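Source file: final_31.pdb; contents: PDB, C-alpha atoms and all ligand atoms.
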```pdb
ATOM      1  CA  MET A 430      36.519 101.628  98.989  1.00  0.00           C
ATOM      2  CA  ILE A 431      38.431 104.891  99.349  1.00  0.00           C
ATOM      3  CA  LYS A 432      40.333 103.319 102.206  1.00  0.00           C
ATOM      4  CA  ASN A 433      41.355 100.409  99.961  1.00  0.00           C
ATOM      5  CA  VAL A 434      42.554 102.756  97.212  1.00  0.00           C
ATOM      6  CA  ARG A 435      44.588 104.746  99.739  1.00  0.00           C
ATOM      7  CA  ARG A 436      46.074 101.563 101.147  1.00  0.00           C
ATOM      8  CA  ARG A 437      47.032 100.397  97.660  1.00  0.00           C
ATOM      9  CA  GLN A 438      48.619 103.789  96.943  1.00  0.00           C
ATOM     10  CA  MET A 439      50.577 103.555 100.176  1.00  0.00           C
ATOM     11  CA  VAL A 440      51.746 100.011  99.382  1.00  0.00           C
ATOM     12  CA  LYS A 441      52.809 101.142  95.909  1.00  0.00           C
ATOM     13  CA  ALA A 442      54.684 104.151  97.310  1.00  0.00           C
ATOM     14  CA  ARG A 443      56.469 101.872  99.813  1.00  0.00           C
ATOM     15  CA  GLN A 444      57.421  99.450  96.999  1.00  0.00           C
ATOM     16  CA  GLN A 445      58.809 102.331  94.909  1.00  0.00           C
ATOM     17  CA  GLU A 446      60.768 103.584  97.910  1.00  0.00           C
ATOM     18  CA  LEU A 447      62.265 100.105  98.439  1.00  0.00           C
ATOM     19  CA  ALA A 448      63.140  99.817  94.733  1.00  0.00           C
ATOM     20  CA  ARG A 449      64.916 103.191  94.880  1.00  0.00           C
ATOM     21  CA  ALA A 450      66.862 102.103  97.974  1.00  0.00           C
ATOM     22  CA  MET A 451      67.910  98.861  96.274  1.00  0.00           C
ATOM     23  CA  ALA A 452      68.973 100.767  93.143  1.00  0.00           C
ATOM     24  CA  LYS A 453      71.156 103.026  95.333  1.00  0.00           C
ATOM     25  CA  ARG A 454      72.769 100.039  96.999  1.00  0.00           C
ATOM     26  CA  ARG A 455      73.469  98.144  93.783  1.00  0.00           C
ATOM     27  CA  PRO A 456      76.518 100.120  92.546  1.00  0.00           C
ATOM     28  CA  ALA A 457      78.188  99.633  95.931  1.00  0.00           C
ATOM     29  CA  MET A 458      77.582  95.875  95.759  1.00  0.00           C
ATOM     30  CA  GLU A 459      78.828  95.710  92.194  1.00  0.00           C
ATOM     31  CA  LEU A 460      81.992  97.614  93.164  1.00  0.00           C
ATOM     32  CA  ALA A 461      82.599  95.259  96.110  1.00  0.00           C
ATOM     33  CA  LEU A 462      82.209  92.208  93.861  1.00  0.00           C
ATOM     34  CA  ALA A 463      84.437  93.760  91.205  1.00  0.00           C
ATOM     35  CA  LEU A 464      87.180  94.190  93.823  1.00  0.00           C
ATOM     36  CA  PHE A 465      86.772  90.967  95.779  1.00  0.00           C
ATOM     37  CA  ILE A 466      86.585  88.477  92.918  1.00  0.00           C
ATOM     38  CA  PRO A 467      89.929  89.426  91.268  1.00  0.00           C
ATOM     39  CA  ALA A 468      91.590  89.741  94.691  1.00  0.00           C
ATOM     40  CA  GLY A 469      90.366  86.277  95.647  1.00  0.00           C
ATOM     41  CA  MET A 470      91.594  84.860  92.341  1.00  0.00           C
ATOM     42  CA  CYS A 471      95.043  86.424  92.873  1.00  0.00           C
ATOM     43  CA  VAL A 472      95.323  84.845  96.334  1.00  0.00           C
ATOM     44  CA  LEU A 473      94.259  81.461  94.924  1.00  0.00           C
ATOM     45  CA  PHE A 474      96.704  81.808  92.021  1.00  0.00           C
ATOM     46  CA  PHE A 475      99.672  82.537  94.311  1.00  0.00           C
ATOM     47  CA  TYR A 476      98.624  79.787  96.699  1.00  0.00           C
ATOM     48  CA  ILE A 477      98.642  77.213  93.884  1.00  0.00           C
ATOM     49  CA  PHE A 478     101.607  78.501  91.853  1.00  0.00           C
ATOM     50  CA  GLN A 479     104.003  79.726  94.548  1.00  0.00           C
ATOM     51  CA  GLY A 480     106.663  77.308  93.286  1.00  0.00           C
ATOM     52  CA  PRO A 481     108.853  74.839  95.131  1.00  0.00           C
ATOM     53  CA  GLU A 482     109.628  75.373  98.836  1.00  0.00           C
ATOM     54  CA  PRO A 483     112.948  77.169  99.448  1.00  0.00           C
ATOM     55  CA  ASN A 484     115.764  74.822 100.374  1.00  0.00           C
ATOM     56  CA  MET A 485     115.553  74.617 104.171  1.00  0.00           C
ATOM     57  CA  GLN A 486     119.046  74.298 105.621  1.00  0.00           C
ATOM     58  CA  PRO A 487     119.245  72.908 109.133  1.00  0.00           C
ATOM     59  CA  ASP A 488     119.879  75.839 111.436  1.00  0.00           C
ATOM     60  CA  PRO A 489     121.610  75.583 114.791  1.00  0.00           C
ATOM     61  CA  ILE A 490     119.686  78.604 115.984  1.00  0.00           C
ATOM     62  CA  LYS A 491     116.478  77.906 117.864  1.00  0.00           C
ATOM     63  CA  THR A 492     113.083  78.174 116.166  1.00  0.00           C
ATOM     64  CA  TYR A 493     112.022  81.666 117.240  1.00  0.00           C
ATOM     65  CA  GLU A 494     115.298  82.971 115.914  1.00  0.00           C
ATOM     66  CA  SER A 495     114.615  81.591 112.463  1.00  0.00           C
ATOM     67  CA  SER A 496     112.255  84.578 112.178  1.00  0.00           C
ATOM     68  CA  LEU A 497     115.169  86.982 112.708  1.00  0.00           C
ATOM     69  CA  ASN A 498     116.532  89.017 109.841  1.00  0.00           C
ATOM     70  CA  ALA A 499     119.781  88.004 108.144  1.00  0.00           C
ATOM     71  CA  GLU A 500     121.713  90.828 109.851  1.00  0.00           C
ATOM     72  CA  THR A 501     120.812  89.651 113.371  1.00  0.00           C
ATOM     73  CA  ARG A 502     121.508  86.029 112.470  1.00  0.00           C
ATOM     74  CA  ALA A 503     124.972  87.017 111.233  1.00  0.00           C
ATOM     75  CA  LEU A 504     125.593  88.801 114.566  1.00  0.00           C
ATOM     76  CA  LEU A 505     124.561  85.656 116.470  1.00  0.00           C
ATOM     77  CA  ARG A 506     127.090  83.594 114.550  1.00  0.00           C
ATOM     78  CA  GLU A 507     129.900  86.027 115.519  1.00  0.00           C
ATOM     79  CA  CYS A 508     128.752  86.391 119.110  1.00  0.00           C
ATOM     80  CA  PRO A 509     131.373  85.222 121.645  1.00  0.00           C
ATOM     81  CA  GLN A 510     130.501  83.041 124.617  1.00  0.00           C
ATOM     82  CA  SER A 511     129.653  85.071 127.737  1.00  0.00           C
ATOM     83  CA  ASP A 512     132.126  84.928 130.598  1.00  0.00           C
ATOM     84  CA  GLY A 513     129.573  85.919 133.242  1.00  0.00           C
ATOM     85  CA  PHE A 514     127.626  89.058 134.036  1.00  0.00           C
ATOM     86  CA  ASP A 515     128.235  92.246 136.034  1.00  0.00           C
ATOM     87  CA  PHE A 516     126.005  95.238 136.681  1.00  0.00           C
ATOM     88  CA  PRO A 517     125.874  97.952 133.996  1.00  0.00           C
ATOM     89  CA  VAL A 518     126.819 100.750 136.449  1.00  0.00           C
ATOM     90  CA  GLY A 519     129.216 101.027 139.401  1.00  0.00           C
ATOM     91  CA  LYS A 520     131.307  98.211 137.950  1.00  0.00           C
ATOM     92  CA  PRO A 521     131.082  95.404 138.862  1.00  0.00           C
ATOM     93  CA  ASP A 522     128.496  95.444 141.701  1.00  0.00           C
ATOM     94  CA  ALA A 523     126.481  98.633 141.107  1.00  0.00           C
ATOM     95  CA  LYS A 524     128.249 100.191 144.098  1.00  0.00           C
ATOM     96  CA  GLU A 525     126.726 103.592 145.072  1.00  0.00           C
ATOM     97  CA  TYR A 526     123.806 103.009 142.708  1.00  0.00           C
ATOM     98  CA  PHE A 527     120.195 102.104 143.456  1.00  0.00           C
ATOM     99  CA  ASP A 528     117.386 100.779 141.301  1.00  0.00           C
ATOM    100  CA  MET A 529     114.750 103.507 141.496  1.00  0.00           C
ATOM    101  CA  ARG A 530     112.133 101.501 139.581  1.00  0.00           C
ATOM    102  CA  PRO A 531     112.743  97.745 139.720  1.00  0.00           C
ATOM    103  CA  PHE A 532     111.443  95.308 137.115  1.00  0.00           C
ATOM    104  CA  GLY A 533     107.692  94.711 137.433  1.00  0.00           C
ATOM    105  CA  VAL A 534     106.956  97.912 139.413  1.00  0.00           C
ATOM    106  CA  LYS A 535     104.170  99.662 137.492  1.00  0.00           C
ATOM    107  CA  ASN A 536     104.787  97.090 134.724  1.00  0.00           C
ATOM    108  CA  HIS A 537     108.355  98.332 134.226  1.00  0.00           C
ATOM    109  CA  LEU A 538     110.253  96.020 131.843  1.00  0.00           C
ATOM    110  CA  GLY A 539     113.697  97.054 133.084  1.00  0.00           C
ATOM    111  CA  ALA A 540     115.645  98.482 136.010  1.00  0.00           C
ATOM    112  CA  ASP A 541     116.263 102.243 136.427  1.00  0.00           C
ATOM    113  CA  TRP A 542     119.790 102.685 137.768  1.00  0.00           C
ATOM    114  CA  ASN A 543     120.542 105.936 139.600  1.00  0.00           C
ATOM    115  CA  ARG A 544     123.306 107.462 141.656  1.00  0.00           C
ATOM    116  CA  GLY A 545     122.244 110.378 143.826  1.00  0.00           C
ATOM    117  CA  PHE A 546     119.314 112.529 142.842  1.00  0.00           C
ATOM    118  CA  ARG A 547     118.446 114.829 140.001  1.00  0.00           C
ATOM    119  CA  ASP A 548     121.268 114.691 137.425  1.00  0.00           C
ATOM    120  CA  ASP A 549     124.108 113.677 139.788  1.00  0.00           C
ATOM    121  CA  ASP A 550     124.865 110.621 137.647  1.00  0.00           C
ATOM    122  CA  LEU A 551     124.722 112.428 134.291  1.00  0.00           C
ATOM    123  CA  GLY A 552     127.786 111.334 132.298  1.00  0.00           C
ATOM    124  CA  ASP A 553     128.634 108.348 134.547  1.00  0.00           C
ATOM    125  CA  PRO A 554     130.011 105.363 132.605  1.00  0.00           C
ATOM    126  CA  VAL A 555     127.679 102.600 131.411  1.00  0.00           C
ATOM    127  CA  TYR A 556     129.271  99.168 130.948  1.00  0.00           C
ATOM    128  CA  SER A 557     128.385  96.150 128.867  1.00  0.00           C
ATOM    129  CA  VAL A 558     127.151  93.571 131.402  1.00  0.00           C
ATOM    130  CA  SER A 559     129.050  90.776 129.661  1.00  0.00           C
ATOM    131  CA  LYS A 560     131.105  89.818 126.649  1.00  0.00           C
ATOM    132  CA  GLY A 561     129.002  90.106 123.501  1.00  0.00           C
ATOM    133  CA  ILE A 562     128.350  91.767 120.159  1.00  0.00           C
ATOM    134  CA  VAL A 563     126.689  95.155 119.704  1.00  0.00           C
ATOM    135  CA  SER A 564     123.395  94.591 117.881  1.00  0.00           C
ATOM    136  CA  PHE A 565     122.161  98.181 117.657  1.00  0.00           C
ATOM    137  CA  THR A 566     123.100 101.766 118.516  1.00  0.00           C
ATOM    138  CA  GLY A 567     121.124 104.873 117.670  1.00  0.00           C
ATOM    139  CA  ASN A 568     118.944 107.734 118.803  1.00  0.00           C
ATOM    140  CA  LEU A 569     115.282 106.719 118.730  1.00  0.00           C
ATOM    141  CA  GLY A 570     114.090 109.995 120.272  1.00  0.00           C
ATOM    142  CA  GLY A 571     110.774 110.003 122.154  1.00  0.00           C
ATOM    143  CA  ASP A 572     110.814 108.109 125.443  1.00  0.00           C
ATOM    144  CA  TRP A 573     113.942 106.151 124.462  1.00  0.00           C
ATOM    145  CA  GLY A 574     116.625 108.573 123.313  1.00  0.00           C
ATOM    146  CA  ARG A 575     120.045 107.078 122.585  1.00  0.00           C
ATOM    147  CA  ILE A 576     120.230 103.332 123.075  1.00  0.00           C
ATOM    148  CA  VAL A 577     122.783 100.542 122.832  1.00  0.00           C
ATOM    149  CA  ARG A 578     121.826  96.866 122.515  1.00  0.00           C
ATOM    150  CA  VAL A 579     124.276  93.981 123.013  1.00  0.00           C
ATOM    151  CA  ILE A 580     123.725  90.263 122.331  1.00  0.00           C
ATOM    152  CA  HIS A 581     125.390  87.771 124.712  1.00  0.00           C
ATOM    153  CA  ARG A 582     125.744  84.027 124.090  1.00  0.00           C
ATOM    154  CA  VAL A 583     124.927  82.286 127.370  1.00  0.00           C
ATOM    155  CA  ASP A 584     124.966  78.736 126.008  1.00  0.00           C
ATOM    156  CA  GLU A 585     125.671  76.919 122.748  1.00  0.00           C
ATOM    157  CA  ASP A 586     122.512  78.217 121.071  1.00  0.00           C
ATOM    158  CA  GLU A 587     121.041  80.382 123.783  1.00  0.00           C
ATOM    159  CA  TYR A 588     121.309  84.154 123.771  1.00  0.00           C
ATOM    160  CA  VAL A 589     120.144  87.150 125.774  1.00  0.00           C
ATOM    161  CA  GLU A 590     120.189  90.784 124.730  1.00  0.00           C
ATOM    162  CA  SER A 591     120.942  93.717 127.045  1.00  0.00           C
ATOM    163  CA  LEU A 592     119.575  97.188 126.345  1.00  0.00           C
ATOM    164  CA  TYR A 593     120.879 100.513 127.728  1.00  0.00           C
ATOM    165  CA  ALA A 594     118.641 103.561 127.208  1.00  0.00           C
ATOM    166  CA  HIS A 595     118.472 107.379 127.646  1.00  0.00           C
ATOM    167  CA  LEU A 596     122.256 107.561 127.110  1.00  0.00           C
ATOM    168  CA  ARG A 597     124.160 110.832 126.766  1.00  0.00           C
ATOM    169  CA  ASP A 598     127.083 109.368 124.783  1.00  0.00           C
ATOM    170  CA  ILE A 599     127.551 106.164 122.792  1.00  0.00           C
ATOM    171  CA  TYR A 600     131.053 104.707 122.361  1.00  0.00           C
ATOM    172  CA  VAL A 601     130.323 101.609 120.263  1.00  0.00           C
ATOM    173  CA  LYS A 602     128.705 100.734 116.951  1.00  0.00           C
ATOM    174  CA  GLN A 603     126.735  97.806 115.571  1.00  0.00           C
ATOM    175  CA  GLY A 604     128.913  94.720 115.062  1.00  0.00           C
ATOM    176  CA  ASP A 605     131.564  95.718 117.660  1.00  0.00           C
ATOM    177  CA  LEU A 606     132.693  92.910 119.941  1.00  0.00           C
ATOM    178  CA  VAL A 607     132.620  94.153 123.523  1.00  0.00           C
ATOM    179  CA  GLY A 608     134.056  92.795 126.737  1.00  0.00           C
ATOM    180  CA  ARG A 609     132.446  92.413 130.140  1.00  0.00           C
ATOM    181  CA  GLY A 610     132.716  95.802 131.840  1.00  0.00           C
ATOM    182  CA  GLN A 611     133.632  97.645 128.629  1.00  0.00           C
ATOM    183  CA  LYS A 612     132.332 101.212 128.553  1.00  0.00           C
ATOM    184  CA  VAL A 613     129.598 101.426 125.882  1.00  0.00           C
ATOM    185  CA  GLY A 614     128.222 104.870 126.756  1.00  0.00           C
ATOM    186  CA  THR A 615     127.338 107.288 129.548  1.00  0.00           C
ATOM    187  CA  ILE A 616     124.221 107.896 131.617  1.00  0.00           C
ATOM    188  CA  GLY A 617     121.982 110.529 130.081  1.00  0.00           C
ATOM    189  CA  ASN A 618     118.699 112.267 130.832  1.00  0.00           C
ATOM    190  CA  ASN A 619     117.145 111.584 127.439  1.00  0.00           C
ATOM    191  CA  ASP A 620     118.127 115.059 126.227  1.00  0.00           C
ATOM    192  CA  GLY A 621     116.566 116.760 129.254  1.00  0.00           C
ATOM    193  CA  ARG A 622     113.240 114.925 129.071  1.00  0.00           C
ATOM    194  CA  GLU A 623     113.802 113.265 132.472  1.00  0.00           C
ATOM    195  CA  ARG A 624     116.186 113.045 135.395  1.00  0.00           C
ATOM    196  CA  ALA A 625     119.400 111.258 134.498  1.00  0.00           C
ATOM    197  CA  HIS A 626     119.294 107.485 134.969  1.00  0.00           C
ATOM    198  CA  LEU A 627     120.032 104.313 133.050  1.00  0.00           C
ATOM    199  CA  HIS A 628     116.999 102.362 131.855  1.00  0.00           C
ATOM    200  CA  PHE A 629     118.393  98.849 131.584  1.00  0.00           C
ATOM    201  CA  GLU A 630     116.721  95.699 130.217  1.00  0.00           C
ATOM    202  CA  ILE A 631     117.729  92.088 129.660  1.00  0.00           C
ATOM    203  CA  ARG A 632     115.738  90.134 127.134  1.00  0.00           C
ATOM    204  CA  SER A 633     115.597  86.365 126.809  1.00  0.00           C
ATOM    205  CA  ARG A 634     114.532  86.787 123.178  1.00  0.00           C
ATOM    206  CA  VAL A 635     116.977  88.658 120.963  1.00  0.00           C
ATOM    207  CA  GLY A 636     116.021  90.888 118.040  1.00  0.00           C
ATOM    208  CA  MET A 637     112.660  92.013 119.409  1.00  0.00           C
ATOM    209  CA  PRO A 638     111.436  95.520 118.555  1.00  0.00           C
ATOM    210  CA  VAL A 639     112.593  98.184 121.015  1.00  0.00           C
ATOM    211  CA  GLY A 640     109.257  97.730 122.800  1.00  0.00           C
ATOM    212  CA  PRO A 641     107.174  99.844 125.140  1.00  0.00           C
ATOM    213  CA  GLY A 642     109.442  99.949 128.252  1.00  0.00           C
ATOM    214  CA  TYR A 643     106.355  99.210 130.358  1.00  0.00           C
ATOM    215  CA  SER A 644     103.946  96.327 129.847  1.00  0.00           C
ATOM    216  CA  GLU A 645     101.934  93.720 131.710  1.00  0.00           C
ATOM    217  CA  ASP A 646     103.164  91.226 129.139  1.00  0.00           C
ATOM    218  CA  THR A 647     106.716  90.309 130.166  1.00  0.00           C
ATOM    219  CA  SER A 648     107.264  87.537 127.607  1.00  0.00           C
ATOM    220  CA  GLY A 649     110.758  87.857 126.155  1.00  0.00           C
ATOM    221  CA  TYR A 650     111.971  89.944 129.122  1.00  0.00           C
ATOM    222  CA  LEU A 651     113.978  88.886 132.185  1.00  0.00           C
ATOM    223  CA  ASN A 652     114.135  90.541 135.585  1.00  0.00           C
ATOM    224  CA  PRO A 653     117.678  91.897 135.086  1.00  0.00           C
ATOM    225  CA  THR A 654     118.967  92.002 138.676  1.00  0.00           C
ATOM    226  CA  PRO A 655     118.301  88.352 139.652  1.00  0.00           C
ATOM    227  CA  PHE A 656     119.542  87.298 136.210  1.00  0.00           C
ATOM    228  CA  ILE A 657     122.888  89.071 136.799  1.00  0.00           C
ATOM    229  CA  GLN A 658     123.117  87.725 140.365  1.00  0.00           C
ATOM    230  CA  ARG A 659     122.566  84.158 139.104  1.00  0.00           C
ATOM    231  CA  ASN A 660     125.159  84.539 136.334  1.00  0.00           C
ATOM    232  CA  ARG A 661     128.086  86.352 137.938  1.00  0.00           C
ATOM    233  CA  SER A 662     130.344  83.671 136.541  1.00  0.00           C
ATOM    234  CA  ASN A 663     129.660  81.551 133.503  1.00  0.00           C
ATOM    235  CA  PRO A 664     131.603  78.289 133.452  1.00  0.00           C
TER     236      PRO A 664
HETATM  237 ZN    ZN B   1     112.993 102.698 132.993  1.00  0.00          ZN
END
```
Spit out the file's structure as C-alpha cells when you get a sec.
Amino acid sequence: MIKNVRRRQMVKARQQELARAMAKRRPAMELALALFIPAGMCVLFFYIFQGPEPNMQPDPIKTYESSLNAETRALLRECPQSDGFDFPVGKPDAKEYFDMRPFGVKNHLGADWNRGFRDDDLGDPVYSVSKGIVSFTGNLGGDWGRIVRVIHRVDEDEYVESLYAHLRDIYVKQGDLVGRGQKVGTIGNNDGRERAHLHFEIRSRVGMPVGPGYSEDTSGYLNPTPFIQRNRSNP
C-alpha cells in the first residue's frame, strides 16, 4: 500500500517535472514560429510577385562571364586581341631567371620567378605577358601585397587573365591598355615579408577573386609556363 502511494507520488513528481520542462521550452518555440512564419511569407511573396524577367540581351561573352560585374564586362569589350605571349621577367624568355616553385608544387597556383638568391632581383622589371587591358591594381596586404592583373583576349570570346604579385612598384592603373613586354611594375618582397620574387598566375577564367595562391582545386587556373610556351605567337 505504502509502496503504491510512493510510486504514485513519484509518477506525479515526474509529470510535474515534465510539465515544467515543456513550459520552459514553449517560449522558445513560439519565438521560432513568430520568426519563421513571416520570413517564409516574405520569401513566398517575392517569389510570386518578383515582376517580369529583365530583358535578356544576347551576349557575345560566354556563360560564366555573364556573372561578371559590369566593370569587368566593360573591360572585356575594350580588350585588344593578344599578339602572343612572353615571360613576365627577363623579357622575352625569362633569361637568367628560374621558377623556384612551379605550378602544382605544394598546390601552388602560380610560378615563382627569381633571379639569384635573397633579394638580388628586388626592383627588376615585371612585364605584361601579352597585349591586354589592366583589370586591377592595388595593395591587398597580407600574403599578396601589391598586385597587377591584366586581361588578354586570346580568341573572339575567349580571355585569360595574368596576375603579378608581391610587387615593389606599380606603373599602370585599371583600364590601361598595355602591350606585350610593357613594364607594369617591379619585383618586390611583399614589403619585407618574404624574399623578393614574382608570384605569377595565368587564369583561364577572368574576374575571379584574388584567391588563395595555393589550392588543390586548380579550376580556373592554367599552368603558366606551358601556356606561354604554347602561345609565343598568336596568329
Ligand atoms: Zn608564389
- Task: Please evaluate the PyMOL selection byres (((chain A and resi 571) around 10) and not hetatm) against the displayed coordinates and give the resulting residues as an MDAnalysis selection string.
- Result: chainID A and resid 568:570 572:575 595 619:620 622
I need the residue set behind the PyMOL selection byres (((not hetatm)) within 9 of (chain B and resi 1)) for this file; please write it as an mmCIF file with C-alpha atoms, in the coordinates of the input.
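Contents of out37.cif, as written:
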```cif
data_model
loop_
_atom_site.group_PDB
_atom_site.id
_atom_site.type_symbol
_atom_site.label_atom_id
_atom_site.label_comp_id
_atom_site.auth_asym_id
_atom_site.auth_seq_id
_atom_site.Cartn_x
_atom_site.Cartn_y
_atom_site.Cartn_z
ATOM 1 C CA MET A 529 114.750 103.507 141.496
ATOM 2 C CA ARG A 530 112.133 101.501 139.581
ATOM 3 C CA PRO A 531 112.743 97.745 139.720
ATOM 4 C CA PHE A 532 111.443 95.308 137.115
ATOM 5 C CA HIS A 537 108.355 98.332 134.226
ATOM 6 C CA LEU A 538 110.253 96.020 131.843
ATOM 7 C CA GLY A 539 113.697 97.054 133.084
ATOM 8 C CA ALA A 540 115.645 98.482 136.010
ATOM 9 C CA ASP A 541 116.263 102.243 136.427
ATOM 10 C CA TRP A 542 119.790 102.685 137.768
ATOM 11 C CA ALA A 594 118.641 103.561 127.208
ATOM 12 C CA HIS A 595 118.472 107.379 127.646
ATOM 13 C CA HIS A 626 119.294 107.485 134.969
ATOM 14 C CA LEU A 627 120.032 104.313 133.050
ATOM 15 C CA HIS A 628 116.999 102.362 131.855
ATOM 16 C CA PHE A 629 118.393 98.849 131.584
ATOM 17 C CA GLU A 630 116.721 95.699 130.217
ATOM 18 C CA GLY A 642 109.442 99.949 128.252
ATOM 19 C CA TYR A 643 106.355 99.210 130.358
#
```
- One residue among A:Leu651, A:Leu497, A:Cys508, A:Leu596 is nearest to Asp584 (chain A) when using all atoms listed in the file, and that residue is A:Cys508
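By chain and then residue number, the residues within 9 Å of Arg632 (chain A) are Tyr588, Val589, Glu590, Ser591, Leu592, Ser648, Gly649, Tyr650, Leu651, Asn652 and Pro653 of chain A, counting only C-alpha atoms and disregarding those fewer than 6 positions away in sequence.
When all atoms listed in the file are used to compute distances to Glu500 (chain A), the closest of the residues A:Gly614, A:Val563, A:Ala442, A:Asp512 turns out to be A:Val563.
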- I would like the residues chosen by the PyMOL selection byres (((chain A and resi 600) around 9) and not hetatm) on the shown file; could you give them as a ChimeraX atom specification? /A:598-599,601-602,612-615
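Nearest-residue note for Gly513 (chain A): choosing from A:Ser662, A:Gln444, A:Ser496, A:Asn536, the minimum distance belongs to A:Ser662, counting all atoms listed in the file.
Computed from the coordinates, the CA of Gly640 (chain A) to CA of Tyr593 (chain A) distance equals 12.9 Å.
From CA of Pro554 (chain A) back to CA of Met637 (chain A), the distance works out to 25.6 Å.
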